[in-house]
Amino acid sequence: MFNHPQAFGTVNGEKVLLYTIQNSHIRAEISSFGATIVRLYAHDRNDVLTNVVLGYDDVNRYVMNDSYMGAVIVPNANRTKGASFSISGVKYHMIKNEGKNNLHSDLKTGSSQRIWTVTDLDTKKITLELKQDDLELGFPGNRTFRVTYAVKDSSLIIRYEIKTDAETVFNPTNHAYFNLAGKSSILNHQLKICASQYTPLKKGSIPSDKVKKVAGTPFDFTEYKQIGKDISKPSAQLLLARGYDHNFLIDGYDGTLKLAASLYCPDNGIVMDTYSDDPGIQVYTSNYLENDKYSPHDGICLETQFTPNALNYEAFDKPLVKPGKTVRTTEYRFHTE
Ligand code: BGC
């Protein structure tokens, strides 16, 4: 069956399309601008199809939108101190886009603001491709990134691939804002994170390499907890970020696919389990999301990724890849309770 894309607006005179992939359980609408998840529908406990991500109806709302809504970030998610790193003794300079530091590789010229090329499409999966030249955004290697979104049973599977001709950085993520109720705030959602440790923030929001135990702190989500329960507690860490905007270290990380977090909406019973082969997950409660459509805490990002600033810390696995092909995977699996 042919997959007919819909028009999604125009960016700099170029048409952007919206592609639907679906099965009887879930449906995802993906835009070629930023390889973005625009809508993602799952069934609630009464079989009502519910859109579980925040998004906009026209691609122009995504242009220069610093919330990175639903977009794919490559090559490197999160913050890098001093916007620089070294590989084999050679120093590389990223774009300083947050003071002296780098966030999400770049907004203006980065992957979330580019029209990706669709290279493969059927009713159940789509592959989008983006090329970055040697030293583009400051990273070595002529690189081809491919992101495949596939629906399988009740899962949306994201497969991130890089092909590079030099050793380089590969730390992709997706920046979807989830709201399993499809409306209002996520503070009544319940969250479980498979992490007994997290990386606290330092001034300027660069995470530290001194990991802390979550036990006995507002960061303890080792059992299901309402997101709003501790978010307003007078914790220096929560005040610094205006809520949760922290990286958690997945227990038992070994590079294979593992359950990283589960999100549950008590109102409609939807549960979303996030699986990843990455060492960490950035949990961001949309503390800075504020416009005519959305307010802070309307969504929660569960950004699977390497530990922030790992390129400059000895304590953590670095997201470096050798020339050739490397694949990383994230899965969002849905069911109801
Ligand atoms: C970061 C936040 C930032 C947001 C939007 C998240 O991944 O952790 O600090 O505000 O992205 O840019």
# chains A, B, ... in the order shown; residues from 1 in each chain; ligands from 1
$ closest_atom_pairs --of "region 187-245 of chain A" --to "region 250-261 of chain A" --cutoff "9 Å" --atoms "only C-alpha atoms" --output "Markdown table"
| residue | atom | partner | partner_atom | distance |
| --- | --- | --- | --- | --- |
| A:Leu191 | CA | A:Ala261 | CA | 7.2 |
| A:Lys192 | CA | A:Ala261 | CA | 5.5 |
| A:Ile193 | CA | A:Ala261 | CA | 4.2 |
| A:Cys194 | CA | A:Ala260 | CA | 5.2 |
| A:Ala195 | CA | A:Ile250 | CA | 4.7 |
| A:Ser196 | CA | A:Asp251 | CA | 6.6 |
| A:Gln197 | CA | A:Ile250 | CA | 7.8 |
| A:Tyr198 | CA | A:Ile250 | CA | 8.8 |
$ write_last_selection --atoms "C-alpha atoms" --output "short mmCIF file (atom, residue, chain, number, x, y, z; two decimals), in the first residue's frame"
data_model
loop_
_atom_site.label_atom_id
_atom_site.label_comp_id
_atom_site.auth_asym_id
_atom_site.auth_seq_id
_atom_site.Cartn_x
_atom_site.Cartn_y
_atom_site.Cartn_z
CA LEU A 191 7.05 8.09 36.50
CA LYS A 192 9.44 5.25 37.19
CA ILE A 193 13.11 5.55 36.20
CA CYS A 194 15.41 2.52 36.28
CA ALA A 195 18.21 4.56 37.82
CA SER A 196 19.61 4.67 41.32
CA GLN A 197 22.00 7.49 40.40
CA TYR A 198 21.84 10.81 38.58
#
$ residues_near_ligand --ligand "ligand 1" --cutoff "9 Å" --atoms "only C-alpha atoms and all ligand atoms" --output "short mmCIF file (atom, residue, chain, number, x, y, z; two decimals) with N, CA, C and O atoms, in the first residue's frame"
data_model
loop_
_atom_site.label_atom_id
_atom_site.label_comp_id
_atom_site.auth_asym_id
_atom_site.auth_seq_id
_atom_site.Cartn_x
_atom_site.Cartn_y
_atom_site.Cartn_z
N ASN A 65 12.47 27.03 16.76
CA ASN A 65 11.78 26.77 18.01
C ASN A 65 12.77 26.11 18.98
O ASN A 65 13.16 24.96 18.80
N ASP A 66 13.16 26.85 20.00
CA ASP A 66 14.25 26.35 20.85
C ASP A 66 13.81 25.28 21.85
O ASP A 66 14.60 24.85 22.69
N SER A 67 12.56 24.83 21.72
CA SER A 67 12.17 23.69 22.57
C SER A 67 12.55 22.36 21.90
O SER A 67 12.42 21.31 22.51
N TYR A 68 13.03 22.38 20.66
CA TYR A 68 13.41 21.17 19.92
C TYR A 68 12.27 20.15 19.88
O TYR A 68 12.50 18.94 19.90
N MET A 69 11.04 20.65 19.83
CA MET A 69 9.88 19.78 19.97
C MET A 69 9.84 18.61 18.98
O MET A 69 9.78 18.81 17.77
N ALA A 77 23.57 15.13 21.61
CA ALA A 77 22.55 15.71 22.47
C ALA A 77 23.16 16.28 23.75
O ALA A 77 24.28 15.93 24.13
N ASN A 78 22.41 17.17 24.38
CA ASN A 78 22.73 17.72 25.71
C ASN A 78 23.92 18.70 25.70
O ASN A 78 24.32 19.18 24.65
N ARG A 79 24.46 18.97 26.89
CA ARG A 79 25.41 20.06 27.04
C ARG A 79 26.86 19.58 27.03
O ARG A 79 27.17 18.53 27.62
N LEU A 103 24.79 23.35 23.51
CA LEU A 103 23.59 22.57 23.81
C LEU A 103 23.07 21.96 22.52
O LEU A 103 22.84 22.68 21.52
N HIS A 104 22.86 20.64 22.52
CA HIS A 104 22.19 19.94 21.42
C HIS A 104 22.83 20.20 20.05
O HIS A 104 22.12 20.37 19.05
N LEU A 107 21.03 24.86 17.45
CA LEU A 107 19.64 25.08 17.03
C LEU A 107 19.62 25.59 15.59
O LEU A 107 19.06 24.95 14.69
N HIS A 175 13.64 14.46 20.87
CA HIS A 175 13.23 15.45 21.87
C HIS A 175 11.71 15.60 21.94
O HIS A 175 11.20 16.72 22.08
N SER A 205 24.09 24.87 34.27
CA SER A 205 23.39 23.63 33.90
C SER A 205 24.25 22.52 33.33
O SER A 205 23.76 21.52 32.82
N ALA A 241 17.02 24.26 37.95
CA ALA A 241 16.47 23.89 36.64
C ALA A 241 14.98 24.21 36.52
O ALA A 241 14.37 23.91 35.50
N TYR A 244 12.54 19.25 37.00
CA TYR A 244 13.49 18.20 36.59
C TYR A 244 14.05 18.52 35.21
O TYR A 244 13.31 18.83 34.27
N ASP A 245 15.35 18.52 35.11
CA ASP A 245 16.05 18.65 33.83
C ASP A 245 17.41 17.99 34.06
O ASP A 245 18.46 18.62 33.98
N HIS A 246 17.35 16.70 34.34
CA HIS A 246 18.52 15.98 34.86
C HIS A 246 18.73 14.65 34.14
O HIS A 246 17.78 14.01 33.70
N ASN A 247 19.98 14.27 34.11
CA ASN A 247 20.35 13.00 33.50
C ASN A 247 20.41 11.90 34.56
O ASN A 247 21.05 12.07 35.61
N GLN A 282 17.83 11.79 29.89
CA GLN A 282 17.61 13.13 30.39
C GLN A 282 16.11 13.29 30.59
O GLN A 282 15.32 13.12 29.65
N VAL A 283 15.72 13.59 31.81
CA VAL A 283 14.30 13.78 32.12
C VAL A 283 14.07 15.29 32.26
O VAL A 283 14.63 15.93 33.15
N TYR A 284 13.27 15.83 31.35
CA TYR A 284 13.06 17.28 31.31
C TYR A 284 11.56 17.55 31.35
O TYR A 284 10.82 17.16 30.45
N THR A 285 11.11 18.23 32.43
CA THR A 285 9.68 18.43 32.63
C THR A 285 9.21 19.75 31.99
O THR A 285 8.39 20.46 32.56
N SER A 286 9.75 20.07 30.84
CA SER A 286 9.37 21.25 30.02
C SER A 286 9.25 22.52 30.87
O SER A 286 8.27 23.25 30.75
N ASN A 287 10.29 22.74 31.66
CA ASN A 287 10.27 23.86 32.61
C ASN A 287 10.28 25.22 31.93
O ASN A 287 9.84 26.20 32.52
N TYR A 288 10.78 25.26 30.71
CA TYR A 288 10.90 26.55 30.01
C TYR A 288 9.95 26.65 28.83
O TYR A 288 10.08 27.55 28.01
N LEU A 289 9.00 25.73 28.75
CA LEU A 289 8.08 25.73 27.60
C LEU A 289 6.96 26.72 27.88
O LEU A 289 6.14 26.51 28.79
N CYS A 301 10.02 15.27 28.50
CA CYS A 301 10.94 14.65 27.55
C CYS A 301 11.69 13.54 28.26
O CYS A 301 12.10 13.70 29.42
N LEU A 302 11.84 12.44 27.56
CA LEU A 302 12.61 11.30 28.09
C LEU A 302 13.68 11.02 27.05
O LEU A 302 13.50 10.18 26.16
N GLU A 303 14.75 11.80 27.12
CA GLU A 303 15.77 11.82 26.06
C GLU A 303 16.85 10.79 26.37
O GLU A 303 17.71 11.01 27.21
#
$ residues_around --residues "Glu331 (chain A)" --least-positions-apart "2" --cutoff "12 Å" --atoms "only C-alpha atoms" --output "count of residues only"
35
$ select_by_dssp --residues "region 125-263 of chain A" --states "helix (DSSP H, G or I)" --output "count of residues only"
12
$ residues_around --residues "Ile186 (chain A)" --least-positions-apart "2" --cutoff "10 Å" --atoms "only C-alpha atoms" --output "ChimeraX atom specification"
/A:178-184,188-191,226-228,263-265,285-286,296-300
$ write_last_selection --atoms "C-alpha atoms" --output "compact mmCIF listing (two decimals), in the first residue's frame"
# COMPACT_ATOMS: atom_id res chain seq x y z
CA PHE A 178 5.09 13.36 26.05
CA ASN A 179 1.72 13.95 27.64
CA LEU A 180 -0.13 10.65 27.86
CA ALA A 181 -3.42 12.37 28.70
CA GLY A 182 -3.18 14.39 25.50
CA LYS A 183 -3.93 17.54 27.44
CA SER A 184 -3.08 19.77 30.46
CA ASN A 188 -0.20 13.97 37.81
CA HIS A 189 1.52 11.35 35.60
CA GLN A 190 3.44 8.65 37.46
CA LEU A 191 7.05 8.09 36.50
CA GLN A 226 3.75 11.22 40.81
CA ILE A 227 5.93 13.69 38.90
CA GLY A 228 4.45 16.64 40.80
CA LEU A 263 5.42 6.77 32.33
CA TYR A 264 1.82 6.13 33.43
CA CYS A 265 -1.25 8.31 33.11
CA THR A 285 9.68 18.43 32.63
CA SER A 286 9.37 21.25 30.02
CA PRO A 296 5.66 24.68 31.70
CA HIS A 297 5.03 21.04 32.70
CA ASP A 298 2.64 20.39 29.80
CA GLY A 299 5.01 17.70 28.57
CA ILE A 300 7.91 15.51 29.67
$ closest_residue --among "A:Tyr224, A:Phe139, A:Phe8, A:Trp116" --to "Ala71 (chain A)" --atoms "only C-alpha atoms"
A:Trp116
$ residues_around --residues "Ala310 (chain A)" --least-positions-apart "5" --cutoff "10 Å" --atoms "only C-alpha atoms" --output "PDB file with C-alpha atoms, in the first residue's frame"
ATOM      1  CA  ARG A  79      25.413  20.064  27.044  1.00  0.00           C
ATOM      2  CA  THR A  80      29.148  20.069  26.377  1.00  0.00           C
ATOM      3  CA  LYS A  81      31.316  22.241  28.576  1.00  0.00           C
ATOM      4  CA  PHE A  85      36.282  18.053  23.058  1.00  0.00           C
ATOM      5  CA  PRO A 207      26.027  18.270  34.773  1.00  0.00           C
ATOM      6  CA  SER A 208      28.748  17.210  37.158  1.00  0.00           C
ATOM      7  CA  ASP A 209      30.770  14.011  36.867  1.00  0.00           C
ATOM      8  CA  ALA A 315      34.182   8.819  34.526  1.00  0.00           C
ATOM      9  CA  PHE A 316      31.751   7.979  31.727  1.00  0.00           C
ATOM     10  CA  ASP A 317      31.588   6.024  28.475  1.00  0.00           C
ATOM     11  CA  LYS A 318      32.220   8.425  25.625  1.00  0.00           C
ATOM     12  CA  PRO A 319      29.873   8.517  22.630  1.00  0.00           C
ATOM     13  CA  LEU A 320      32.698   8.007  20.150  1.00  0.00           C
TER      14      LEU A 320
END
$ select_by_dssp --residues "region 162-279 of chain A" --states "strand (DSSP E)" --output "VMD selection string"
chain A and resid 162 to 164 168 to 169 173 to 174 190 to 193 197 to 199 212 to 213 225 to 226 245 to 249 258 to 264 270 to 276
$ atom_distance --atom1 "CA of Phe145 (chain A)" --atom2 "CA of Asn171 (chain A)"
11.3 Å
$ closest_residue --among "A:Lys325, A:Lys233, A:Lys131, A:Lys293" --to "Arg114 (chain A)" --atoms "only C-alpha atoms"
A:Lys131
